[in-house]
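Asks: One file: structure-v4.tsv (TSV, C-alpha atoms and all ligand atoms).
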```tsv
chain	number	residue	atom	x	y	z
A	1	MET	CA	5.91	-30.81	-37.89
A	2	ARG	CA	7.45	-31.25	-34.42
A	3	GLU	CA	11.12	-30.42	-34.03
A	4	SER	CA	13.28	-32.71	-31.93
A	5	ALA	CA	13.97	-31.31	-28.47
A	6	ALA	CA	17.28	-33.16	-28.16
A	7	PRO	CA	19.71	-30.44	-29.27
A	8	HIS	CA	17.92	-27.92	-27.10
A	9	LEU	CA	18.11	-30.19	-24.05
A	10	LEU	CA	21.80	-30.83	-24.66
A	11	ARG	CA	22.48	-27.11	-24.68
A	12	ILE	CA	20.63	-26.71	-21.40
A	13	ALA	CA	22.53	-29.62	-19.85
A	14	PHE	CA	25.86	-28.15	-20.93
A	15	ALA	CA	25.02	-24.68	-19.62
A	16	ALA	CA	23.94	-26.22	-16.32
A	17	ALA	CA	27.14	-28.28	-16.07
A	18	VAL	CA	29.27	-25.18	-16.60
A	19	ALA	CA	27.17	-23.21	-14.13
A	20	TRP	CA	27.65	-25.95	-11.53
A	21	GLY	CA	31.39	-25.87	-12.11
A	22	CYS	CA	31.75	-29.33	-13.64
A	23	CYS	CA	33.90	-28.25	-16.54
A	24	THR	CA	35.67	-25.23	-15.21
A	25	GLU	CA	38.40	-24.83	-12.61
A	26	PRO	CA	37.63	-26.39	-9.22
A	27	ALA	CA	36.38	-24.20	-6.38
A	28	THR	CA	38.63	-21.55	-4.89
A	29	ALA	CA	38.49	-19.77	-1.54
A	30	GLU	CA	36.36	-17.10	-3.20
A	31	ASP	CA	33.98	-19.70	-4.55
A	32	PRO	CA	32.84	-22.00	-1.73
A	33	PRO	CA	30.66	-24.93	-2.79
A	34	PRO	CA	27.11	-24.51	-1.40
A	35	GLY	CA	27.27	-27.86	0.41
A	36	ILE	CA	29.68	-26.49	3.01
A	37	ALA	CA	27.10	-24.19	4.61
A	38	PRO	CA	26.53	-26.51	7.60
A	39	CYS	CA	30.27	-27.24	8.01
A	40	VAL	CA	31.16	-23.65	8.82
A	41	SER	CA	29.74	-23.71	12.35
A	42	CYS	CA	32.37	-26.24	13.43
A	43	HIS	CA	35.23	-26.06	10.92
A	44	GLY	CA	35.03	-22.29	10.44
A	45	PRO	CA	34.41	-20.52	7.13
A	46	LEU	CA	37.92	-21.39	5.91
A	47	GLY	CA	38.54	-24.81	7.44
A	48	THR	CA	40.42	-23.56	10.49
A	49	PRO	CA	38.16	-24.06	13.53
A	50	THR	CA	38.46	-22.05	16.73
A	51	ASP	CA	37.42	-25.11	18.79
A	52	SER	CA	40.57	-27.18	19.29
A	53	SER	CA	38.58	-30.44	19.39
A	54	VAL	CA	37.61	-29.96	15.73
A	55	PRO	CA	40.24	-30.83	13.10
A	56	ILE	CA	41.80	-28.21	10.82
A	57	ILE	CA	40.87	-29.31	7.31
A	58	ALA	CA	42.22	-26.29	5.39
A	59	GLY	CA	45.19	-27.31	3.28
A	60	GLN	CA	44.64	-31.04	3.92
A	61	ASN	CA	45.26	-33.37	0.98
A	62	ARG	CA	42.34	-33.43	-1.43
A	63	ASP	CA	42.18	-37.21	-1.78
A	64	TYR	CA	42.39	-37.71	1.96
A	65	LEU	CA	39.47	-35.31	2.52
A	66	LEU	CA	37.46	-37.11	-0.13
A	67	GLN	CA	38.15	-40.50	1.46
A	68	ALA	CA	37.34	-39.18	4.92
A	69	LEU	CA	33.98	-37.79	3.82
A	70	ARG	CA	33.08	-41.01	2.02
A	71	ALA	CA	34.09	-43.03	5.05
A	72	TYR	CA	31.93	-40.96	7.43
A	73	SER	CA	29.08	-41.24	5.00
A	74	ASN	CA	29.23	-45.02	4.55
A	75	GLY	CA	30.01	-45.86	8.18
A	76	GLY	CA	33.64	-46.75	7.50
A	77	ARG	CA	34.85	-44.27	10.12
A	78	THR	CA	33.68	-44.83	13.65
A	79	GLY	CA	34.79	-43.96	17.17
A	80	GLY	CA	35.93	-40.62	18.52
A	81	MET	CA	33.70	-37.89	17.18
A	82	ALA	CA	32.96	-39.77	13.97
A	83	ASP	CA	29.25	-39.99	14.73
A	84	VAL	CA	29.01	-36.21	14.73
A	85	MET	CA	30.59	-36.05	11.29
A	86	ALA	CA	28.66	-38.98	9.88
A	87	GLY	CA	25.40	-37.05	10.19
A	88	TYR	CA	26.79	-34.17	8.16
A	89	ALA	CA	28.59	-36.31	5.61
A	90	LYS	CA	25.39	-38.28	4.98
A	91	GLY	CA	23.66	-35.00	4.26
A	92	LEU	CA	25.90	-34.48	1.23
A	93	ALA	CA	25.40	-36.05	-2.18
A	94	GLU	CA	28.36	-38.09	-3.48
A	95	SER	CA	28.51	-35.66	-6.42
A	96	GLU	CA	29.17	-32.75	-4.04
A	97	LEU	CA	32.19	-34.33	-2.35
A	98	PRO	CA	34.94	-33.64	-4.95
A	99	ALA	CA	34.22	-29.88	-5.02
A	100	ILE	CA	34.20	-29.78	-1.21
A	101	ALA	CA	37.50	-31.69	-0.99
A	102	ASP	CA	38.99	-29.34	-3.62
A	103	PHE	CA	37.79	-26.29	-1.77
A	104	TYR	CA	39.30	-27.19	1.60
A	105	SER	CA	42.53	-28.59	0.16
A	106	LYS	CA	43.27	-25.25	-1.51
A	107	LEU	CA	42.85	-23.15	1.62
A	108	LYS	CA	45.78	-22.13	3.81
A	109	PRO	CA	45.66	-23.58	7.32
A	110	VAL	CA	45.80	-20.74	9.85
A	111	ARG	CA	45.98	-21.02	13.64
A	201	LIG	C1	29.10	-30.30	14.79
A	201	LIG	C2	30.43	-29.95	14.34
A	201	LIG	C3	30.83	-30.36	12.92
A	201	LIG	C4	30.20	-30.07	11.76
A	201	LIG	C5	28.92	-29.28	11.57
A	201	LIG	C6	31.02	-30.64	10.71
A	201	LIG	N1	32.12	-31.24	11.23
A	201	LIG	FE1	33.61	-32.16	10.19
A	201	LIG	N2	34.40	-32.81	11.92
A	201	LIG	C7	33.96	-32.48	13.20
A	201	LIG	C8	34.70	-33.27	14.18
A	201	LIG	C9	34.54	-33.19	15.68
A	201	LIG	C10	35.58	-34.09	13.45
A	201	LIG	C11	36.52	-35.19	13.99
A	201	LIG	C12	35.70	-36.47	13.88
A	201	LIG	C13	36.42	-37.76	14.28
A	201	LIG	O1	36.79	-37.91	15.44
A	201	LIG	O2	36.58	-38.63	13.39
A	201	LIG	C14	35.39	-33.76	12.04
A	201	LIG	C15	36.12	-34.33	11.00
A	201	LIG	C16	36.03	-33.94	9.68
A	201	LIG	C17	36.89	-34.40	8.62
A	201	LIG	C18	38.08	-35.37	8.76
A	201	LIG	C19	39.31	-34.60	9.12
A	201	LIG	C20	40.51	-35.49	9.29
A	201	LIG	O3	41.60	-34.95	9.52
A	201	LIG	O4	40.40	-36.73	9.19
A	201	LIG	C21	36.46	-33.80	7.47
A	201	LIG	C22	37.06	-33.96	6.09
A	201	LIG	C23	35.33	-32.97	7.82
A	201	LIG	N3	35.10	-33.07	9.18
A	201	LIG	C24	34.61	-32.22	6.92
A	201	LIG	C25	33.37	-31.65	7.23
A	201	LIG	C26	32.46	-31.15	6.25
A	201	LIG	C27	32.73	-31.10	4.75
A	201	LIG	C28	31.36	-30.71	6.92
A	201	LIG	C29	30.08	-30.16	6.36
A	201	LIG	C30	29.34	-31.01	5.46
A	201	LIG	C31	31.60	-30.93	8.34
A	201	LIG	N4	32.83	-31.51	8.47
A	201	LIG	C32	30.72	-30.58	9.37
A	201	LIG	C33	32.97	-31.57	13.50
A	201	LIG	C34	32.04	-31.10	12.60
```
Could you spell out this file's structure in structure tokens?
Ligand code: HEC
Replies:
Amino acid sequence: MRESAAPHLLRIAFAAAVAWGCCTEPATAEDPPPGIAPCVSCHGPLGTPTDSSVPIIAGQNRDYLLQALRAYSNGGRTGGMADVMAGYAKGLAESELPAIADFYSKLKPVR
């Protein structure tokens, strides 16, 4: 007789969710979300860029960062250097944005 795979799949889904950080504490400075790899070249590894034409995002409000990323991604932010950011924001999945906003909001801005 064939056993149902459902309980097994649920266990895998839960383990994966924990591994991806869904149900634990949000990211810390020691635990950068993988999606920020391309951001580092401009915003620096800790959200404080050396290029003064790039905004400091370390320590910025979490919700503001989230809204900004969504706006770049959906074309709601235009003008200035928004086009540069739009390309990178579109490269992120919506599900990655909260962890990224958490990560940068918890960093200390340094000049
Ligand atoms: C090529 C350089 C570059 C890269 C790579 C880059 N950014 Fe940016 N980012 C900028 C610039 C320039 C701006 C200002 C854009 C504008 O004028 O709206 C900006 C703006 C932002 C803002 C809005 C800040 C504010 O105060 O409103 C956020 C949030 C942000 N970037 C996050 C990211 C994230 C997350 C990534 C990686 C997925 C990333 N950036 C990759 C250059 C970059």
Asks: From the list A:Ala101, A:Leu66, A:Thr50, A:Cys42, which residue is nearest Val84 (chain A) when using only C-alpha atoms?
Replies: A:Cys42
Asks: Distance limit 9 Å, reference ligand LIG 201 (chain A), atoms considered: only C-alpha atoms and all ligand atoms. Which residues make the cut? Give them as a PyMOL selection string.
Replies: chain A and resi 35-43+47+53-57+60+64-69+72+77-92+97+100-101+104
Asks: What's around Pro109 (chain A) at 7 Å? Count all atoms listed in the file, leave out sequence neighbours fewer than 6 positions away in its own chain, and write the answer as a PyMOL selection string.
Replies: chain A and resi 48+56+58-59
Asks: Now that the selection is made, can you save its residues with C-alpha atoms as a PDB file, in the coordinates of the input?
Replies:
```pdb
ATOM      1  CA  THR A  48      40.420 -23.560  10.490  1.00  0.00           C
ATOM      2  CA  ILE A  56      41.800 -28.210  10.820  1.00  0.00           C
ATOM      3  CA  ALA A  58      42.220 -26.290   5.390  1.00  0.00           C
ATOM      4  CA  GLY A  59      45.190 -27.310   3.280  1.00  0.00           C
TER       5      GLY A  59
END
```
Asks: Which is closer to Pro45 (chain A) than all the others in A:Asn61, A:Lys106, A:Pro32, A:Ala99, using only C-alpha atoms?
Replies: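 That would be A:Pro32, the residue with the smallest distance to Pro45 (chain A).
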